[in-house]
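Asks: The structure follows.
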Amino acid sequence: MNNLSSTRHIERSISTGNIMWNIFFDLDHTLWDFDKSSKQTLLSLYQKYELSDKIINHEIISFDDFLKAFQTTTKFLWKQHHEGLVDKVKIRERRFSLIFEELYKMTNKKLKKEYIFDKVLYQKPHYNLLEELENEYQYNCPRQPNLMPFVLEMLTYLQSKGYHLHILTNGFEESQKLKLEYSGILSFFKNIITSDCTGVTKPNPIIFNHALAISNATPQNSIMIGDSFDADILGARSLGMKTIFYNPHKKTPQHSVASYDISCWKEIENIL
């Protein structure tokens with residue numbers, strides 16, 4: 001695997017002021033533990049709204065099925081968002097209706113589509129279960145404080161070394177800032193760049209160029225760190241940025257073009 005540079009060279013460059021390194025971090029699945037936070041939020045909703053008592057195709061909804069349907073739906077919607085097919089509003093309008101549709105599919109029984117919405121809406125005046133679930137998910141999930149292991153120690157170390165730290169994320173502006181605030185790491189970052197505010201998602205070079213411009217950085221003095229090989233690593237490499245692939249599940253990328261591949265944040269001290 002290609003090397004970013006020797007640790008000695010990077011530290012000497014910063015100490016002499018020849019190069020001021022800018023590090024751009026992805027957020028979800030990289031610094032902030034999206035899976036754990038979503039699971040905690042969904043479990044709370046499942047219990048509060050007694051979803052175990054809701055019947056789909058004569059079967060009780062288990063939490064495992066509810067979580068699986070959420071994961072499948074979220075993956076589908078984010079793929080559509082990255083392709084420019086749905087925006088933030090559409091995702092929030094459709095998410096939980098699609099989750100319940102997915103639960104119907106998981107029962108392997110065929111029902112007419114028009115039955116779905118009749119059965120998942122409470123028959124109470126002015127009360128829509130799907131809308132309530134979405135509103136509470138939007139409010140509670142980004143306020144979960146869960147970070148990936150050793151993130152706080154890693155950020156403290158990098159800040160002490162004089163690196164300029166930034167966030168570059170495919171996410172919605174308000175929710176990403178809430179995640180940073182409630183997890184206690186907002187103060188580490190000089191700039192927060194989201195696909196929501198730029199109008200394009202990684203790996204589009206427009207969002208990388210925008211991030212470099214507002215951070216007064218260049219590809220030559222910048223490092224991108226993220227868990228998405230396509231969005232983070234290939235996107236940054238296309239501009240000539242150095243890259244660190246955060247790979248906690250030790251996936252093998254199709255092409256090993258990342259400058260470094262790490263599975264734990266403790267490893268960062270061996271690189272930077």
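Identifiers in this document derive from the order of the structure tokens: chains are assigned A, B, ..., residues are numbered from 1 separately in each chain, and ligands are numbered from 1 in order of occurrence.
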Taking only C-alpha atoms into account, produce a table as JSON lines in which each residue of region 6-111 of chain A with an atom at most 9 Å from an atom of region 194-200 of chain A appears once, together with its shortest atom pair and the distance in Å to one decimal, ordered by chain and rising number.
Replies:
```
{"residue": "A:His82", "atom": "CA", "partner": "A:Val200", "partner_atom": "CA", "distance": 8.0}
{"residue": "A:Gly84", "atom": "CA", "partner": "A:Val200", "partner_atom": "CA", "distance": 8.3}
{"residue": "A:Lys88", "atom": "CA", "partner": "A:Asp196", "partner_atom": "CA", "distance": 8.2}
```
Asks: Counting only C-alpha atoms, which residue out of A:Ile185, A:Val151, A:Ile233, A:Ile207 sits closest to Thr30 (chain A)?
Replies: A:Val151
Asks: Could you give me, as number ranges by chain, each residue of region 75-264 of chain A that DSSP assigns to strand (DSSP E or B) when run on this structure's backbone?
Replies: A: 124, 127, 147, 164-169, 191-194, 222-226, 242-246, 260-262
Asks: Find the spatial neighbours of Phe100 (chain A), counting only C-alpha atoms, within a cut-off of 10 Å - ignore same-chain residues fewer than 2 positions away - and output them as a PyMOL selection string.
Replies: chain A and resi 56+61+66+69-70+73+95-98+102-106+116-117+119-120+130
Asks: Those residues you just picked out, can you put them in a file as a CSV table (one decimal), in the first residue's frame with N, CA, C and O atoms?
Replies:
```
chain,number,residue,atom,x,y,z
A,56,ILE,N,-48.6,-7.2,11.0
A,56,ILE,CA,-48.4,-7.1,9.6
A,56,ILE,C,-48.5,-8.5,9.0
A,56,ILE,O,-47.8,-9.4,9.4
A,61,ILE,N,-44.5,-7.6,14.7
A,61,ILE,CA,-43.3,-6.9,14.3
A,61,ILE,C,-42.2,-7.1,15.4
A,61,ILE,O,-42.4,-6.6,16.5
A,66,PHE,N,-37.8,-4.9,12.5
A,66,PHE,CA,-37.9,-3.4,12.4
A,66,PHE,C,-36.6,-2.8,12.1
A,66,PHE,O,-36.5,-1.9,11.2
A,69,ALA,N,-35.5,-3.7,8.5
A,69,ALA,CA,-36.2,-2.9,7.5
A,69,ALA,C,-35.7,-1.5,7.4
A,69,ALA,O,-35.6,-0.9,6.3
A,70,PHE,N,-35.4,-0.9,8.6
A,70,PHE,CA,-34.8,0.4,8.6
A,70,PHE,C,-33.5,0.5,7.8
A,70,PHE,O,-33.2,1.4,7.0
A,73,THR,N,-34.0,0.2,4.1
A,73,THR,CA,-34.6,1.4,3.5
A,73,THR,C,-33.6,2.6,3.5
A,73,THR,O,-33.6,3.3,2.5
A,95,ARG,N,-39.4,7.9,4.4
A,95,ARG,CA,-38.6,6.9,5.1
A,95,ARG,C,-39.4,5.8,5.9
A,95,ARG,O,-39.3,4.6,5.6
A,96,PHE,N,-40.3,6.3,6.8
A,96,PHE,CA,-41.0,5.3,7.6
A,96,PHE,C,-42.1,4.6,6.8
A,96,PHE,O,-42.5,3.4,7.1
A,97,SER,N,-42.7,5.2,5.8
A,97,SER,CA,-43.7,4.5,5.0
A,97,SER,C,-43.0,3.4,4.3
A,97,SER,O,-43.5,2.2,4.1
A,98,LEU,N,-41.7,3.6,3.8
A,98,LEU,CA,-41.0,2.6,3.1
A,98,LEU,C,-40.5,1.5,4.0
A,98,LEU,O,-40.4,0.3,3.7
A,102,GLU,N,-41.3,-2.3,3.6
A,102,GLU,CA,-40.3,-3.3,3.6
A,102,GLU,C,-40.7,-4.5,4.6
A,102,GLU,O,-40.4,-5.6,4.3
A,103,LEU,N,-41.3,-4.1,5.7
A,103,LEU,CA,-41.8,-5.1,6.6
A,103,LEU,C,-42.8,-6.0,6.0
A,103,LEU,O,-42.8,-7.2,6.2
A,104,TYR,N,-43.7,-5.4,5.2
A,104,TYR,CA,-44.6,-6.2,4.4
A,104,TYR,C,-43.9,-7.2,3.5
A,104,TYR,O,-44.3,-8.4,3.4
A,105,LYS,N,-42.9,-6.7,2.8
A,105,LYS,CA,-42.2,-7.6,1.9
A,105,LYS,C,-41.5,-8.8,2.6
A,105,LYS,O,-41.4,-9.9,2.1
A,106,MET,N,-41.0,-8.5,3.8
A,106,MET,CA,-40.3,-9.5,4.6
A,106,MET,C,-41.2,-10.6,5.0
A,106,MET,O,-40.7,-11.7,5.4
A,116,ILE,N,-51.5,-1.2,2.7
A,116,ILE,CA,-50.4,-0.9,3.5
A,116,ILE,C,-50.7,0.3,4.4
A,116,ILE,O,-50.6,0.3,5.6
A,117,PHE,N,-51.0,1.4,3.8
A,117,PHE,CA,-51.2,2.7,4.5
A,117,PHE,C,-52.4,2.6,5.5
A,117,PHE,O,-52.3,3.2,6.5
A,119,LYS,N,-53.3,0.1,7.2
A,119,LYS,CA,-52.9,-0.7,8.4
A,119,LYS,C,-51.9,-0.1,9.2
A,119,LYS,O,-51.8,-0.4,10.4
A,120,VAL,N,-51.0,0.8,8.7
A,120,VAL,CA,-49.9,1.3,9.5
A,120,VAL,C,-50.3,2.7,10.1
A,120,VAL,O,-49.5,3.2,10.9
A,130,LEU,N,-46.7,7.3,11.1
A,130,LEU,CA,-45.5,7.4,10.3
A,130,LEU,C,-44.8,8.8,10.5
A,130,LEU,O,-43.6,8.9,10.7
```
Asks: Please identify all polymer residues within 7 Å of region 21-24 of chain A, counting only C-alpha atoms, omitting same-chain residues fewer than 6 positions from it, and present them as a list in words.
Replies: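 Close residues of region 21-24 of chain A: Tyr163, His164, Leu165, His166, Ile167, Leu168, Ala217, Asn221, Ser222, Ile223, Met224 and Ile225 of chain A.
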Asks: Those same residues, written as a tab-separated table (two decimals), in the first residue's frame with all heavy atoms?
Replies:
```tsv
chain	number	residue	atom	x	y	z
A	163	TYR	N	-2.45	20.06	13.73
A	163	TYR	CA	-3.22	19.85	12.50
A	163	TYR	C	-4.49	20.71	12.51
A	163	TYR	O	-5.08	20.95	13.56
A	163	TYR	CB	-3.62	18.38	12.35
A	163	TYR	CG	-2.46	17.44	12.10
A	163	TYR	CD1	-1.88	16.73	13.14
A	163	TYR	CD2	-1.96	17.27	10.81
A	163	TYR	CE1	-0.82	15.86	12.92
A	163	TYR	CE2	-0.90	16.40	10.58
A	163	TYR	CZ	-0.34	15.71	11.63
A	163	TYR	OH	0.72	14.85	11.40
A	164	HIS	N	-4.90	21.17	11.33
A	164	HIS	CA	-6.18	21.83	11.18
A	164	HIS	C	-7.22	20.77	10.82
A	164	HIS	O	-7.10	20.10	9.79
A	164	HIS	CB	-6.12	22.89	10.08
A	164	HIS	CG	-5.32	24.09	10.48
A	164	HIS	ND1	-5.16	25.19	9.65
A	164	HIS	CD2	-4.67	24.40	11.63
A	164	HIS	CE1	-4.42	26.10	10.26
A	164	HIS	NE2	-4.11	25.64	11.47
A	165	LEU	N	-8.24	20.64	11.65
A	165	LEU	CA	-9.23	19.57	11.49
A	165	LEU	C	-10.54	20.14	10.95
A	165	LEU	O	-11.01	21.18	11.38
A	165	LEU	CB	-9.47	18.88	12.84
A	165	LEU	CG	-8.21	18.43	13.61
A	165	LEU	CD1	-8.61	17.74	14.90
A	165	LEU	CD2	-7.33	17.53	12.75
A	166	HIS	N	-11.14	19.41	10.01
A	166	HIS	CA	-12.38	19.83	9.38
A	166	HIS	C	-13.30	18.61	9.20
A	166	HIS	O	-12.83	17.47	9.18
A	166	HIS	CB	-12.12	20.44	8.00
A	166	HIS	CG	-10.97	21.40	7.95
A	166	HIS	ND1	-11.09	22.72	8.32
A	166	HIS	CD2	-9.67	21.22	7.58
A	166	HIS	CE1	-9.91	23.33	8.17
A	166	HIS	NE2	-9.04	22.43	7.73
A	167	ILE	N	-14.58	18.87	9.04
A	167	ILE	CA	-15.56	17.83	8.72
A	167	ILE	C	-16.00	18.01	7.27
A	167	ILE	O	-16.31	19.12	6.83
A	167	ILE	CB	-16.81	17.93	9.63
A	167	ILE	CG1	-16.45	17.55	11.07
A	167	ILE	CG2	-17.93	17.04	9.12
A	167	ILE	CD1	-16.09	16.10	11.30
A	168	LEU	N	-16.02	16.89	6.53
A	168	LEU	CA	-16.52	16.88	5.15
A	168	LEU	C	-17.44	15.68	5.02
A	168	LEU	O	-16.98	14.54	4.93
A	168	LEU	CB	-15.35	16.81	4.16
A	168	LEU	CG	-15.71	16.75	2.67
A	168	LEU	CD1	-16.62	17.91	2.28
A	168	LEU	CD2	-14.45	16.76	1.82
A	217	ALA	N	-6.95	25.58	2.02
A	217	ALA	CA	-6.10	24.40	1.89
A	217	ALA	C	-5.89	24.07	0.42
A	217	ALA	O	-6.58	24.59	-0.46
A	217	ALA	CB	-6.74	23.21	2.60
A	221	ASN	N	-1.59	19.75	0.67
A	221	ASN	CA	-1.39	19.78	2.13
A	221	ASN	C	-2.63	19.28	2.87
A	221	ASN	O	-2.88	19.65	4.00
A	221	ASN	CB	-1.00	21.19	2.61
A	221	ASN	CG	-2.15	22.19	2.54
A	221	ASN	OD1	-3.22	21.89	2.02
A	221	ASN	ND2	-1.92	23.39	3.07
A	222	SER	N	-3.40	18.42	2.20
A	222	SER	CA	-4.66	17.95	2.77
A	222	SER	C	-4.74	16.43	2.80
A	222	SER	O	-4.23	15.75	1.90
A	222	SER	CB	-5.85	18.51	1.99
A	222	SER	OG	-5.88	19.92	2.07
A	223	ILE	N	-5.42	15.93	3.81
A	223	ILE	CA	-5.63	14.50	4.00
A	223	ILE	C	-7.12	14.27	4.20
A	223	ILE	O	-7.76	14.97	4.98
A	223	ILE	CB	-4.87	13.99	5.25
A	223	ILE	CG1	-3.38	14.34	5.16
A	223	ILE	CG2	-5.06	12.49	5.42
A	223	ILE	CD1	-2.65	14.20	6.49
A	224	MET	N	-7.69	13.30	3.50
A	224	MET	CA	-9.09	12.91	3.69
A	224	MET	C	-9.14	11.58	4.41
A	224	MET	O	-8.46	10.63	4.02
A	224	MET	CB	-9.79	12.79	2.33
A	224	MET	CG	-11.27	12.38	2.43
A	224	MET	SD	-12.31	13.71	3.09
A	224	MET	CE	-13.57	12.75	3.97
A	225	ILE	N	-9.95	11.52	5.48
A	225	ILE	CA	-10.11	10.28	6.24
A	225	ILE	C	-11.59	9.92	6.27
A	225	ILE	O	-12.43	10.74	6.66
A	225	ILE	CB	-9.60	10.43	7.69
A	225	ILE	CG1	-8.16	10.95	7.71
A	225	ILE	CG2	-9.68	9.09	8.40
A	225	ILE	CD1	-7.59	11.11	9.11
```
Asks: Given the choices A:Met148, A:Ser62, A:Ile193, A:Thr201, which gets closest to Ser263 (chain A) if the distance is worked out from only C-alpha atoms?
Replies: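 Of A:Met148, A:Ser62, A:Ile193, A:Thr201, the one nearest Ser263 (chain A), counting only C-alpha atoms, is A:Met148.
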Asks: Would you list, as a PyMOL selection string, the residues of region 81-257 of chain A that end up in alpha helix (DSSP H) under DSSP run on this structure's backbone?
Replies: chain A and resi 81-82+88-106+113-120+129-140+151-160+173-182+195-198+205-214+235-237
Asks: Show me, as a list of chain:residue names, the residues that have an atom within 10 Å of Arg92 (chain A) when counting only C-alpha atoms, minus same-chain residues fewer than 4 positions from it.
Replies: A:Leu77, A:Asp87, A:Lys88, A:Phe96, A:Ser97, A:Glu131, A:Glu134, A:Asn135, A:Tyr137, A:Gln138
Asks: Measure the distance from CA of Ile262 (chain A) to CA of Thr243 (chain A) in Å and round it to one decimal.
Replies: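 A separation of 10.9 Å between them.
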Asks: Please identify all polymer residues within 7 Å of Asp33 (chain A), counting only C-alpha atoms, omitting same-chain residues fewer than 5 positions from it, and present them as a PyMOL selection string.
Replies: chain A and resi 28+146-148
Asks: Tell me, in Å to one decimal, how far CA of Val257 (chain A) is from CA of Asp26 (chain A).
Replies: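 Between CA of Val257 (chain A) and CA of Asp26 (chain A) the gap works out to 17.7 Å.
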Asks: Rank nothing, just name the residue among A:Leu178, A:Leu239, A:Ile60, A:Leu186 nearest to Asn204 (chain A), using only C-alpha atoms.
Replies: A:Leu239
Asks: Have a look at A:Ser259, A:Asp35, A:Ile271, A:Lys90 and name the one nearest to Lys68 (chain A); count only C-alpha atoms.
Replies: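 Distance minimum relative to Lys68 (chain A) lands on A:Asp35.
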Asks: Could you tell me which of A:Leu51, A:Lys202, A:Leu129, A:Leu152 comes closest to Ala231 (chain A) if we count only C-alpha atoms?
Replies: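 Checking each of A:Leu51, A:Lys202, A:Leu129, A:Leu152 against Ala231 (chain A), counting only C-alpha atoms, the winner is A:Lys202.
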Asks: So that I can check the surroundings of Glu153 (chain A), please list as a PyMOL selection string every protein, DNA and RNA residue that reaches within 12 Å of it, counting only C-alpha atoms and ignoring chain neighbours fewer than 2 positions away.
Replies: chain A and resi 31+147-151+155-160+185+188+264-269
Asks: Ranking A:Ile206, A:Ala211, A:Leu180, A:Leu272 by minimum distance to Trp32 (chain A) and counting only C-alpha atoms, which one comes first?
Replies: A:Leu180
